[in-house]
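All remarks here apply to the structure that follows.
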Amino acid sequence: SRTGGVYDVKESGIEFRHMPQPPTPKDGAEFLSRMKSNFELNILEQPNDNDLVFEVKGVDVSFANALRRIMIAEVPTMAIEKVYIFDNTSIIHDEVLAHRLGLVPINIDPRLFIDVEDEDELTDENTLVFSLKVSCGRSRAHDEQKERARKAREERQGKRDGDAAADPEDSIMGSDDLDKAAAQAAEAHHSAQHKAGRETLADAVEMPGRPYTKHVYSRSLKFVPQGTQEEQFPEGVHMAHDDILLAKLRPGQSMELEAHARRGVGEDHAKYSPVATASYRLMPQVELLNPVYDE
């Protein structure tokens, strides 16, 4: 390398030959100028939104390690910090549940928020609020019936408050009868998918001879806008992944809580680290100085 040396392959073995070090830069401007002249960054792979493989040329190993440490410990993110549990009759202890919630990544730009300076000054500029309220009924059919009743109550309440004005784009040909028929058809299709065992994510487990079990996923965390957040985030705030398993409930068990998220860095707690792992490896340049012949 330019700042290391060269491995010479000889009949007696491999020998390392040190190369002369460049002179120390006299100031920061010369250091940046020298770095820019040799620096090169190429993206090699990006198989999905969560993985990135890139190469950096013309820099010292310490620079690559600095990038790794910064990504792990100094890039801010939003994570759940405070959990107020009102009801938890599951087998998971409150402390364990709060810890699991803190590790759920939130899909939000932390630059839109400020750090919490005082615990008594929580505002819509430094805090996100989520709620979770789930319970497990006697069976899947019982849970689905309760969910339909809940949605019906919300629709009636919205109509009374005047917040659920009909949107022509959400209607099918502007006909209430067709809208009702479409909703019934969608519900029948969903039930058929469950009966056929083709659901992509197990919301609940029903097995002969075993009690009914309901799965609580990260998608059960509902965003509760505060202040101007409803206008700032019209589509709401969601978890980075909606299929993270939080708990399993048996009939009669329930959970109800409120979670407050704030901005932080991985140096304070690992839950704020934006990367699952960040690593680097050396890419040596192999150059044969003399021809190599086979036997």
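To be explicit about the labels: the chains of the structure tokens are called A, B, and onward in the order shown, and within each one the residues are counted from 1, while ligands get numbers from 1 in the order they are shown.
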- Which polymer residues have any atom within 12 Å of an atom of range 8-24 of chain A, counting only C-alpha atoms, with same-chain residues fewer than 6 positions away left out, as number ranges by chain? A: 1-2, 30-31, 34, 286-292
For the selection you just gave me, I'd like the residues written to a file as a PDB file, in the first residue's frame, keeping N, CA, C and O atoms.
ATOM      1  N   SER A   1       0.840  -1.189   0.000  1.00  0.00           N
ATOM      2  CA  SER A   1       0.000   0.000   0.000  1.00  0.00           C
ATOM      3  C   SER A   1       0.876   1.241   0.000  1.00  0.00           C
ATOM      4  O   SER A   1       2.076   1.183   0.218  1.00  0.00           O
ATOM      5  N   ARG A   2       0.229   2.406  -0.161  1.00  0.00           N
ATOM      6  CA  ARG A   2       1.008   3.642  -0.267  1.00  0.00           C
ATOM      7  C   ARG A   2       1.619   4.055   1.061  1.00  0.00           C
ATOM      8  O   ARG A   2       2.575   4.804   1.124  1.00  0.00           O
ATOM      9  N   GLU A  30      -3.343  21.081   3.981  1.00  0.00           N
ATOM     10  CA  GLU A  30      -2.519  20.178   3.178  1.00  0.00           C
ATOM     11  C   GLU A  30      -2.969  18.737   3.345  1.00  0.00           C
ATOM     12  O   GLU A  30      -2.975  17.962   2.382  1.00  0.00           O
ATOM     13  N   PHE A  31      -3.390  18.369   4.565  1.00  0.00           N
ATOM     14  CA  PHE A  31      -3.875  17.015   4.795  1.00  0.00           C
ATOM     15  C   PHE A  31      -5.131  16.736   3.963  1.00  0.00           C
ATOM     16  O   PHE A  31      -5.241  15.687   3.314  1.00  0.00           O
ATOM     17  N   ARG A  34      -4.239  16.470   0.225  1.00  0.00           N
ATOM     18  CA  ARG A  34      -3.605  15.196  -0.106  1.00  0.00           C
ATOM     19  C   ARG A  34      -4.632  14.061  -0.080  1.00  0.00           C
ATOM     20  O   ARG A  34      -4.617  13.166  -0.934  1.00  0.00           O
ATOM     21  N   VAL A 286      -2.446  -7.281  -5.216  1.00  0.00           N
ATOM     22  CA  VAL A 286      -1.436  -8.285  -5.537  1.00  0.00           C
ATOM     23  C   VAL A 286      -0.817  -7.947  -6.892  1.00  0.00           C
ATOM     24  O   VAL A 286      -1.520  -7.864  -7.905  1.00  0.00           O
ATOM     25  N   GLU A 287       0.461  -7.734  -6.895  1.00  0.00           N
ATOM     26  CA  GLU A 287       1.184  -7.387  -8.123  1.00  0.00           C
ATOM     27  C   GLU A 287       2.419  -8.277  -8.245  1.00  0.00           C
ATOM     28  O   GLU A 287       3.282  -8.284  -7.355  1.00  0.00           O
ATOM     29  N   LEU A 288       2.459  -9.065  -9.312  1.00  0.00           N
ATOM     30  CA  LEU A 288       3.593  -9.969  -9.542  1.00  0.00           C
ATOM     31  C   LEU A 288       4.707  -9.204 -10.246  1.00  0.00           C
ATOM     32  O   LEU A 288       4.548  -8.733 -11.378  1.00  0.00           O
ATOM     33  N   LEU A 289       5.831  -9.052  -9.566  1.00  0.00           N
ATOM     34  CA  LEU A 289       6.951  -8.298 -10.125  1.00  0.00           C
ATOM     35  C   LEU A 289       7.795  -9.141 -11.076  1.00  0.00           C
ATOM     36  O   LEU A 289       8.432  -8.608 -11.989  1.00  0.00           O
ATOM     37  N   ASN A 290       7.775 -10.454 -10.861  1.00  0.00           N
ATOM     38  CA  ASN A 290       8.529 -11.346 -11.729  1.00  0.00           C
ATOM     39  C   ASN A 290       7.609 -12.423 -12.264  1.00  0.00           C
ATOM     40  O   ASN A 290       6.627 -12.805 -11.589  1.00  0.00           O
ATOM     41  N   PRO A 291       7.844 -12.898 -13.464  1.00  0.00           N
ATOM     42  CA  PRO A 291       6.984 -13.951 -14.024  1.00  0.00           C
ATOM     43  C   PRO A 291       7.047 -15.218 -13.198  1.00  0.00           C
ATOM     44  O   PRO A 291       8.090 -15.590 -12.660  1.00  0.00           O
ATOM     45  N   VAL A 292       5.922 -15.907 -13.072  1.00  0.00           N
ATOM     46  CA  VAL A 292       5.809 -17.141 -12.304  1.00  0.00           C
ATOM     47  C   VAL A 292       5.483 -18.262 -13.281  1.00  0.00           C
ATOM     48  O   VAL A 292       4.512 -18.166 -14.040  1.00  0.00           O
TER      49      VAL A 292
END
Between range 50-69 of chain A and range 269-285 of chain A, at 10 Å or less, what are the per-residue closest atom pairs and their distances in Å? Count only C-alpha atoms, order by chain and rising residue number, and return it as CSV.
residue,atom,partner,partner_atom,distance
A:Asn50,CA,A:Val275,CA,8.6
A:Asp51,CA,A:Val275,CA,9.3
A:Leu52,CA,A:Ala278,CA,9.8
A:Val53,CA,A:Tyr280,CA,9.5
A:Phe54,CA,A:Tyr280,CA,9.5
A:Glu55,CA,A:Met283,CA,8.6
A:Val56,CA,A:Met283,CA,9.5
A:Lys57,CA,A:Met283,CA,9.2
A:Val61,CA,A:Leu282,CA,8.0
A:Ala64,CA,A:Tyr280,CA,7.0
A:Asn65,CA,A:Tyr280,CA,7.3
A:Leu67,CA,A:Ala278,CA,9.0
A:Arg68,CA,A:Ala278,CA,5.7
A:Arg69,CA,A:Ala278,CA,8.1
Can I get the selection written as a CSV table (one decimal), in the first residue's frame, with all heavy atoms?
chain,number,residue,atom,x,y,z
A,50,ASN,N,-31.4,-2.2,3.3
A,50,ASN,CA,-30.7,-2.3,4.6
A,50,ASN,C,-29.2,-2.8,4.5
A,50,ASN,O,-28.6,-2.8,5.5
A,50,ASN,CB,-31.5,-3.4,5.5
A,50,ASN,CG,-32.9,-2.9,5.8
A,50,ASN,OD1,-33.1,-1.7,6.0
A,50,ASN,ND2,-33.8,-3.9,5.8
A,51,ASP,N,-28.8,-3.1,3.3
A,51,ASP,CA,-27.4,-3.6,3.2
A,51,ASP,C,-26.6,-2.7,2.1
A,51,ASP,O,-27.2,-2.3,1.1
A,51,ASP,CB,-27.3,-5.0,2.7
A,51,ASP,CG,-28.0,-6.0,3.8
A,51,ASP,OD1,-27.8,-5.7,5.0
A,51,ASP,OD2,-28.6,-6.9,3.4
A,52,LEU,N,-25.4,-2.4,2.4
A,52,LEU,CA,-24.6,-1.6,1.5
A,52,LEU,C,-23.1,-2.1,1.7
A,52,LEU,O,-22.6,-2.2,2.8
A,52,LEU,CB,-24.7,-0.1,1.8
A,52,LEU,CG,-23.8,0.8,1.0
A,52,LEU,CD1,-24.3,0.7,-0.5
A,52,LEU,CD2,-23.9,2.2,1.5
A,53,VAL,N,-22.5,-2.4,0.5
A,53,VAL,CA,-21.1,-2.8,0.5
A,53,VAL,C,-20.4,-1.8,-0.4
A,53,VAL,O,-20.7,-1.6,-1.6
A,53,VAL,CB,-20.9,-4.2,-0.1
A,53,VAL,CG1,-19.4,-4.6,-0.1
A,53,VAL,CG2,-21.7,-5.2,0.8
A,54,PHE,N,-19.3,-1.1,0.1
A,54,PHE,CA,-18.6,-0.2,-0.7
A,54,PHE,C,-17.1,-0.3,-0.3
A,54,PHE,O,-16.7,-0.8,0.7
A,54,PHE,CB,-19.1,1.3,-0.4
A,54,PHE,CG,-18.9,1.7,1.0
A,54,PHE,CD1,-17.8,2.4,1.4
A,54,PHE,CD2,-19.9,1.5,2.0
A,54,PHE,CE1,-17.6,2.8,2.7
A,54,PHE,CE2,-19.8,1.9,3.3
A,54,PHE,CZ,-18.6,2.6,3.7
A,55,GLU,N,-16.3,0.2,-1.3
A,55,GLU,CA,-14.8,0.2,-1.1
A,55,GLU,C,-14.3,1.6,-1.0
A,55,GLU,O,-14.8,2.5,-1.7
A,55,GLU,CB,-14.1,-0.6,-2.2
A,55,GLU,CG,-14.3,0.0,-3.5
A,55,GLU,CD,-13.4,-0.8,-4.6
A,55,GLU,OE1,-12.9,-1.8,-4.2
A,55,GLU,OE2,-13.4,-0.3,-5.7
A,56,VAL,N,-13.3,1.8,-0.2
A,56,VAL,CA,-12.7,3.1,-0.1
A,56,VAL,C,-11.2,2.9,-0.4
A,56,VAL,O,-10.5,2.1,0.2
A,56,VAL,CB,-12.8,3.7,1.4
A,56,VAL,CG1,-12.2,5.0,1.5
A,56,VAL,CG2,-14.3,3.8,1.7
A,57,LYS,N,-10.7,3.8,-1.3
A,57,LYS,CA,-9.3,3.7,-1.7
A,57,LYS,C,-8.6,5.0,-1.3
A,57,LYS,O,-9.2,6.0,-1.3
A,57,LYS,CB,-9.2,3.4,-3.2
A,57,LYS,CG,-9.8,2.1,-3.7
A,57,LYS,CD,-9.6,2.0,-5.2
A,57,LYS,CE,-10.2,0.6,-5.7
A,57,LYS,NZ,-10.0,0.5,-7.1
A,61,VAL,N,-6.0,2.8,7.2
A,61,VAL,CA,-6.9,1.9,7.8
A,61,VAL,C,-7.7,2.6,9.0
A,61,VAL,O,-8.9,2.3,9.2
A,61,VAL,CB,-6.2,0.7,8.3
A,61,VAL,CG1,-7.1,-0.2,9.1
A,61,VAL,CG2,-5.5,-0.1,7.2
A,64,ALA,N,-11.0,4.1,7.8
A,64,ALA,CA,-12.1,3.1,7.6
A,64,ALA,C,-12.6,2.7,9.0
A,64,ALA,O,-13.8,2.6,9.1
A,64,ALA,CB,-11.6,1.9,6.9
A,65,ASN,N,-11.8,2.6,10.0
A,65,ASN,CA,-12.2,2.2,11.3
A,65,ASN,C,-13.0,3.4,11.9
A,65,ASN,O,-14.0,3.1,12.7
A,65,ASN,CB,-11.0,1.8,12.2
A,65,ASN,CG,-11.5,1.3,13.5
A,65,ASN,OD1,-12.3,0.4,13.6
A,65,ASN,ND2,-10.9,1.8,14.6
A,67,LEU,N,-14.9,5.5,10.3
A,67,LEU,CA,-16.2,5.4,9.7
A,67,LEU,C,-17.1,4.3,10.3
A,67,LEU,O,-18.3,4.6,10.6
A,67,LEU,CB,-16.1,5.1,8.2
A,67,LEU,CG,-15.6,6.2,7.3
A,67,LEU,CD1,-15.6,5.7,5.8
A,67,LEU,CD2,-16.5,7.5,7.3
A,68,ARG,N,-16.5,3.2,10.6
A,68,ARG,CA,-17.2,2.1,11.3
A,68,ARG,C,-17.7,2.5,12.6
A,68,ARG,O,-18.9,2.3,13.0
A,68,ARG,CB,-16.3,0.9,11.4
A,68,ARG,CG,-17.0,-0.3,12.0
A,68,ARG,CD,-16.0,-1.4,12.2
A,68,ARG,NE,-15.1,-1.0,13.3
A,68,ARG,CZ,-15.3,-1.2,14.6
A,68,ARG,NH1,-16.4,-1.8,15.0
A,68,ARG,NH2,-14.4,-0.9,15.5
A,69,ARG,N,-16.8,3.2,13.4
A,69,ARG,CA,-17.2,3.6,14.8
A,69,ARG,C,-18.3,4.7,14.8
A,69,ARG,O,-19.2,4.7,15.6
A,69,ARG,CB,-16.0,4.0,15.5
A,69,ARG,CG,-15.0,2.9,15.8
A,69,ARG,CD,-13.7,3.5,16.4
A,69,ARG,NE,-14.0,4.1,17.7
A,69,ARG,CZ,-13.9,3.5,18.9
A,69,ARG,NH1,-13.5,2.2,18.9
A,69,ARG,NH2,-14.1,4.1,20.0
- Message: If we count only C-alpha atoms and set the cut-off at 8 Å, which residues sit around Ser220 in chain A, ignoring sequence neighbours fewer than 2 positions away in its own chain? Please answer as an NGL selection string.
- Response: :A and (132-134 or 216-218 or 222)
Prev. selection, all heavy atoms, output as a short mmCIF file (atom, residue, chain, number, x, y, z; two decimals), in the first residue's frame:
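Everything below was put into again_29.cif:
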data_model
loop_
_atom_site.label_atom_id
_atom_site.label_comp_id
_atom_site.auth_asym_id
_atom_site.auth_seq_id
_atom_site.Cartn_x
_atom_site.Cartn_y
_atom_site.Cartn_z
N LEU A 132 -50.31 1.02 22.39
CA LEU A 132 -50.53 -0.39 22.08
C LEU A 132 -51.63 -0.90 23.01
O LEU A 132 -51.52 -0.79 24.23
CB LEU A 132 -49.24 -1.19 22.25
CG LEU A 132 -49.28 -2.66 21.82
CD1 LEU A 132 -47.92 -3.09 21.28
CD2 LEU A 132 -49.65 -3.57 22.99
N LYS A 133 -52.66 -1.46 22.41
CA LYS A 133 -53.77 -2.03 23.19
C LYS A 133 -54.26 -3.26 22.46
O LYS A 133 -54.90 -3.17 21.42
CB LYS A 133 -54.90 -1.01 23.36
CG LYS A 133 -56.03 -1.50 24.25
CD LYS A 133 -57.10 -0.44 24.45
CE LYS A 133 -58.21 -0.94 25.38
NZ LYS A 133 -59.26 0.10 25.59
N VAL A 134 -53.95 -4.43 23.00
CA VAL A 134 -54.34 -5.70 22.39
C VAL A 134 -54.83 -6.64 23.48
O VAL A 134 -54.44 -6.52 24.64
CB VAL A 134 -53.17 -6.34 21.61
CG1 VAL A 134 -52.81 -5.54 20.39
CG2 VAL A 134 -51.97 -6.52 22.53
N VAL A 216 -48.54 -10.74 19.00
CA VAL A 216 -48.53 -9.28 19.00
C VAL A 216 -47.27 -8.82 18.26
O VAL A 216 -46.15 -9.11 18.70
CB VAL A 216 -48.54 -8.72 20.43
CG1 VAL A 216 -48.56 -7.19 20.41
CG2 VAL A 216 -49.74 -9.25 21.20
N TYR A 217 -47.46 -8.13 17.14
CA TYR A 217 -46.34 -7.69 16.31
C TYR A 217 -46.13 -6.18 16.45
O TYR A 217 -46.97 -5.46 17.03
CB TYR A 217 -46.59 -8.05 14.85
CG TYR A 217 -46.51 -9.53 14.56
CD1 TYR A 217 -47.66 -10.29 14.50
CD2 TYR A 217 -45.29 -10.15 14.37
CE1 TYR A 217 -47.60 -11.66 14.24
CE2 TYR A 217 -45.22 -11.51 14.11
CZ TYR A 217 -46.37 -12.25 14.04
OH TYR A 217 -46.29 -13.59 13.80
N SER A 218 -45.02 -5.72 15.91
CA SER A 218 -44.69 -4.29 15.99
C SER A 218 -45.71 -3.42 15.28
O SER A 218 -45.81 -2.23 15.57
CB SER A 218 -43.29 -4.05 15.40
OG SER A 218 -43.18 -4.59 14.09
N LYS A 222 -49.42 1.92 17.50
CA LYS A 222 -50.12 2.95 16.74
C LYS A 222 -49.57 4.32 17.10
O LYS A 222 -49.42 4.67 18.27
CB LYS A 222 -51.62 2.90 17.02
CG LYS A 222 -52.25 1.52 16.77
CD LYS A 222 -52.08 1.07 15.32
CE LYS A 222 -52.74 -0.29 15.09
NZ LYS A 222 -52.51 -0.78 13.70
#
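Ranking A:Thr123, A:Thr77, A:Gln145, A:Ser90 by their shortest atom-to-atom distance to Asp109 in chain A, with only C-alpha atoms included, puts A:Thr77 first.
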- Return the single residue from A:Arg250, A:Val129, A:Ala261, A:Asn42 that is closest to Leu103 in chain A, with distances computed using only C-alpha atoms. A:Ala261
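Within the 10 Å cut-off around Met35 in chain A, using only C-alpha atoms and omitting residues fewer than 5 positions from it on the same chain, the listed residues are A:Ala29, A:Glu30, A:Glu40, A:Gly58, A:Val59, A:Asp60.
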Atoms to include: N, CA and C atoms. Write the selected residues as a PDB file, in the first residue's frame.
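Okay, this is what ended up in result07.pdb:
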ATOM      1  N   ALA A  29      -5.103  21.952   5.980  1.00  0.00           N
ATOM      2  CA  ALA A  29      -5.423  22.195   4.573  1.00  0.00           C
ATOM      3  C   ALA A  29      -4.624  21.264   3.670  1.00  0.00           C
ATOM      4  N   GLU A  30      -3.343  21.081   3.981  1.00  0.00           N
ATOM      5  CA  GLU A  30      -2.519  20.178   3.178  1.00  0.00           C
ATOM      6  C   GLU A  30      -2.969  18.737   3.345  1.00  0.00           C
ATOM      7  N   GLU A  40     -11.000   7.702  -3.069  1.00  0.00           N
ATOM      8  CA  GLU A  40     -11.918   7.130  -4.062  1.00  0.00           C
ATOM      9  C   GLU A  40     -12.911   6.219  -3.341  1.00  0.00           C
ATOM     10  N   GLY A  58      -7.252   4.837  -1.161  1.00  0.00           N
ATOM     11  CA  GLY A  58      -6.418   6.010  -0.947  1.00  0.00           C
ATOM     12  C   GLY A  58      -6.470   6.573   0.456  1.00  0.00           C
ATOM     13  N   VAL A  59      -6.908   5.781   1.442  1.00  0.00           N
ATOM     14  CA  VAL A  59      -6.969   6.260   2.821  1.00  0.00           C
ATOM     15  C   VAL A  59      -6.308   5.251   3.739  1.00  0.00           C
ATOM     16  N   ASP A  60      -6.001   5.692   4.945  1.00  0.00           N
ATOM     17  CA  ASP A  60      -5.390   4.815   5.921  1.00  0.00           C
ATOM     18  C   ASP A  60      -6.452   3.931   6.560  1.00  0.00           C
TER      19      ASP A  60
END
- Do you have the CA of Met239 in chain A-CA of Gln157 in chain A distance handy?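 Calculated distance between CA of Met239 in chain A and CA of Gln157 in chain A is 27.0 Å.
In this structure, CA of Ser135 in chain A sits 9.5 Å away from CA of Thr89 in chain A.
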- Please measure the separation of CA of Leu44 in chain A and CA of Ser62 in chain A, giving the value in Å to one decimal.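 These atoms are spaced 21.0 Å apart.
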Within 6 Å of Val265 in chain A using only C-alpha atoms, minus same-chain residues under 3 positions, as a PDB file with all heavy atoms, in the first residue's frame:
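The resulting file, result32.pdb, is shown below:
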ATOM      1  N   ALA A  73     -21.920   4.309  16.617  1.00  0.00           N
ATOM      2  CA  ALA A  73     -22.114   5.003  17.893  1.00  0.00           C
ATOM      3  C   ALA A  73     -22.499   6.469  17.802  1.00  0.00           C
ATOM      4  O   ALA A  73     -22.927   7.036  18.812  1.00  0.00           O
ATOM      5  CB  ALA A  73     -20.835   4.885  18.729  1.00  0.00           C
ATOM      6  N   GLU A  74     -22.379   7.122  16.651  1.00  0.00           N
ATOM      7  CA  GLU A  74     -22.555   8.569  16.632  1.00  0.00           C
ATOM      8  C   GLU A  74     -23.606   9.071  15.647  1.00  0.00           C
ATOM      9  O   GLU A  74     -23.817  10.272  15.554  1.00  0.00           O
ATOM     10  CB  GLU A  74     -21.213   9.245  16.326  1.00  0.00           C
ATOM     11  CG  GLU A  74     -20.142   8.956  17.366  1.00  0.00           C
ATOM     12  CD  GLU A  74     -18.849   9.708  17.096  1.00  0.00           C
ATOM     13  OE1 GLU A  74     -18.922  10.784  16.477  1.00  0.00           O
ATOM     14  OE2 GLU A  74     -17.779   9.211  17.492  1.00  0.00           O
ATOM     15  N   VAL A  75     -24.270   8.189  14.922  1.00  0.00           N
ATOM     16  CA  VAL A  75     -25.349   8.600  14.018  1.00  0.00           C
ATOM     17  C   VAL A  75     -26.666   8.533  14.793  1.00  0.00           C
ATOM     18  O   VAL A  75     -27.047   7.469  15.277  1.00  0.00           O
ATOM     19  CB  VAL A  75     -25.410   7.698  12.777  1.00  0.00           C
ATOM     20  CG1 VAL A  75     -26.579   8.101  11.888  1.00  0.00           C
ATOM     21  CG2 VAL A  75     -24.103   7.785  12.001  1.00  0.00           C
ATOM     22  N   PRO A  76     -27.395   9.649  14.938  1.00  0.00           N
ATOM     23  CA  PRO A  76     -28.615   9.639  15.768  1.00  0.00           C
ATOM     24  C   PRO A  76     -29.775   8.925  15.089  1.00  0.00           C
ATOM     25  O   PRO A  76     -29.889   8.904  13.864  1.00  0.00           O
ATOM     26  CB  PRO A  76     -28.915  11.131  15.955  1.00  0.00           C
ATOM     27  CG  PRO A  76     -28.312  11.784  14.747  1.00  0.00           C
ATOM     28  CD  PRO A  76     -27.092  10.990  14.406  1.00  0.00           C
ATOM     29  N   ASP A 268     -24.871   6.091  23.694  1.00  0.00           N
ATOM     30  CA  ASP A 268     -25.636   6.068  24.934  1.00  0.00           C
ATOM     31  C   ASP A 268     -26.307   4.719  25.158  1.00  0.00           C
ATOM     32  O   ASP A 268     -26.372   4.228  26.283  1.00  0.00           O
ATOM     33  CB  ASP A 268     -26.692   7.170  24.918  1.00  0.00           C
ATOM     34  CG  ASP A 268     -26.072   8.555  24.852  1.00  0.00           C
ATOM     35  OD1 ASP A 268     -24.944   8.714  25.357  1.00  0.00           O
ATOM     36  OD2 ASP A 268     -26.701   9.471  24.288  1.00  0.00           O
ATOM     37  N   TYR A 272     -30.159   2.795  19.902  1.00  0.00           N
ATOM     38  CA  TYR A 272     -30.093   3.954  19.011  1.00  0.00           C
ATOM     39  C   TYR A 272     -29.153   3.729  17.830  1.00  0.00           C
ATOM     40  O   TYR A 272     -29.065   4.570  16.943  1.00  0.00           O
ATOM     41  CB  TYR A 272     -29.629   5.191  19.781  1.00  0.00           C
ATOM     42  CG  TYR A 272     -30.632   5.706  20.786  1.00  0.00           C
ATOM     43  CD1 TYR A 272     -30.386   5.619  22.148  1.00  0.00           C
ATOM     44  CD2 TYR A 272     -31.827   6.283  20.371  1.00  0.00           C
ATOM     45  CE1 TYR A 272     -31.291   6.101  23.070  1.00  0.00           C
ATOM     46  CE2 TYR A 272     -32.741   6.765  21.291  1.00  0.00           C
ATOM     47  CZ  TYR A 272     -32.466   6.666  22.639  1.00  0.00           C
ATOM     48  OH  TYR A 272     -33.379   7.135  23.545  1.00  0.00           O
TER      49      TYR A 272
END
- Would you list the contacts of Lys248 in chain A as a ChimeraX atom specification, taking every protein, DNA or RNA residue within 7 Å and counting only C-alpha atoms, but skipping same-chain residues closer than 6 positions in sequence? /A:213-216
- Item | Which of range 77-150 of chain A DSSP labels alpha helix (DSSP H), written as a ChimeraX atom specification | /A:94-102,140-150
- Query: Do you know which residues are at most 10 Å from range 93-98 of chain A counting only C-alpha atoms, after dropping those on the same chain fewer than 6 positions away, and could you put them as a list in words?
  - Reply: Ile80, Glu81, Lys82, Val83, Tyr84, Ile85, Asp87, Leu246, Ala247, Leu257 and Ala259 of chain A
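Nearest residue to Pro225 in chain A among A:Gln46, A:Thr127, A:Gln253, A:Ser37 is A:Thr127, counting only C-alpha atoms.
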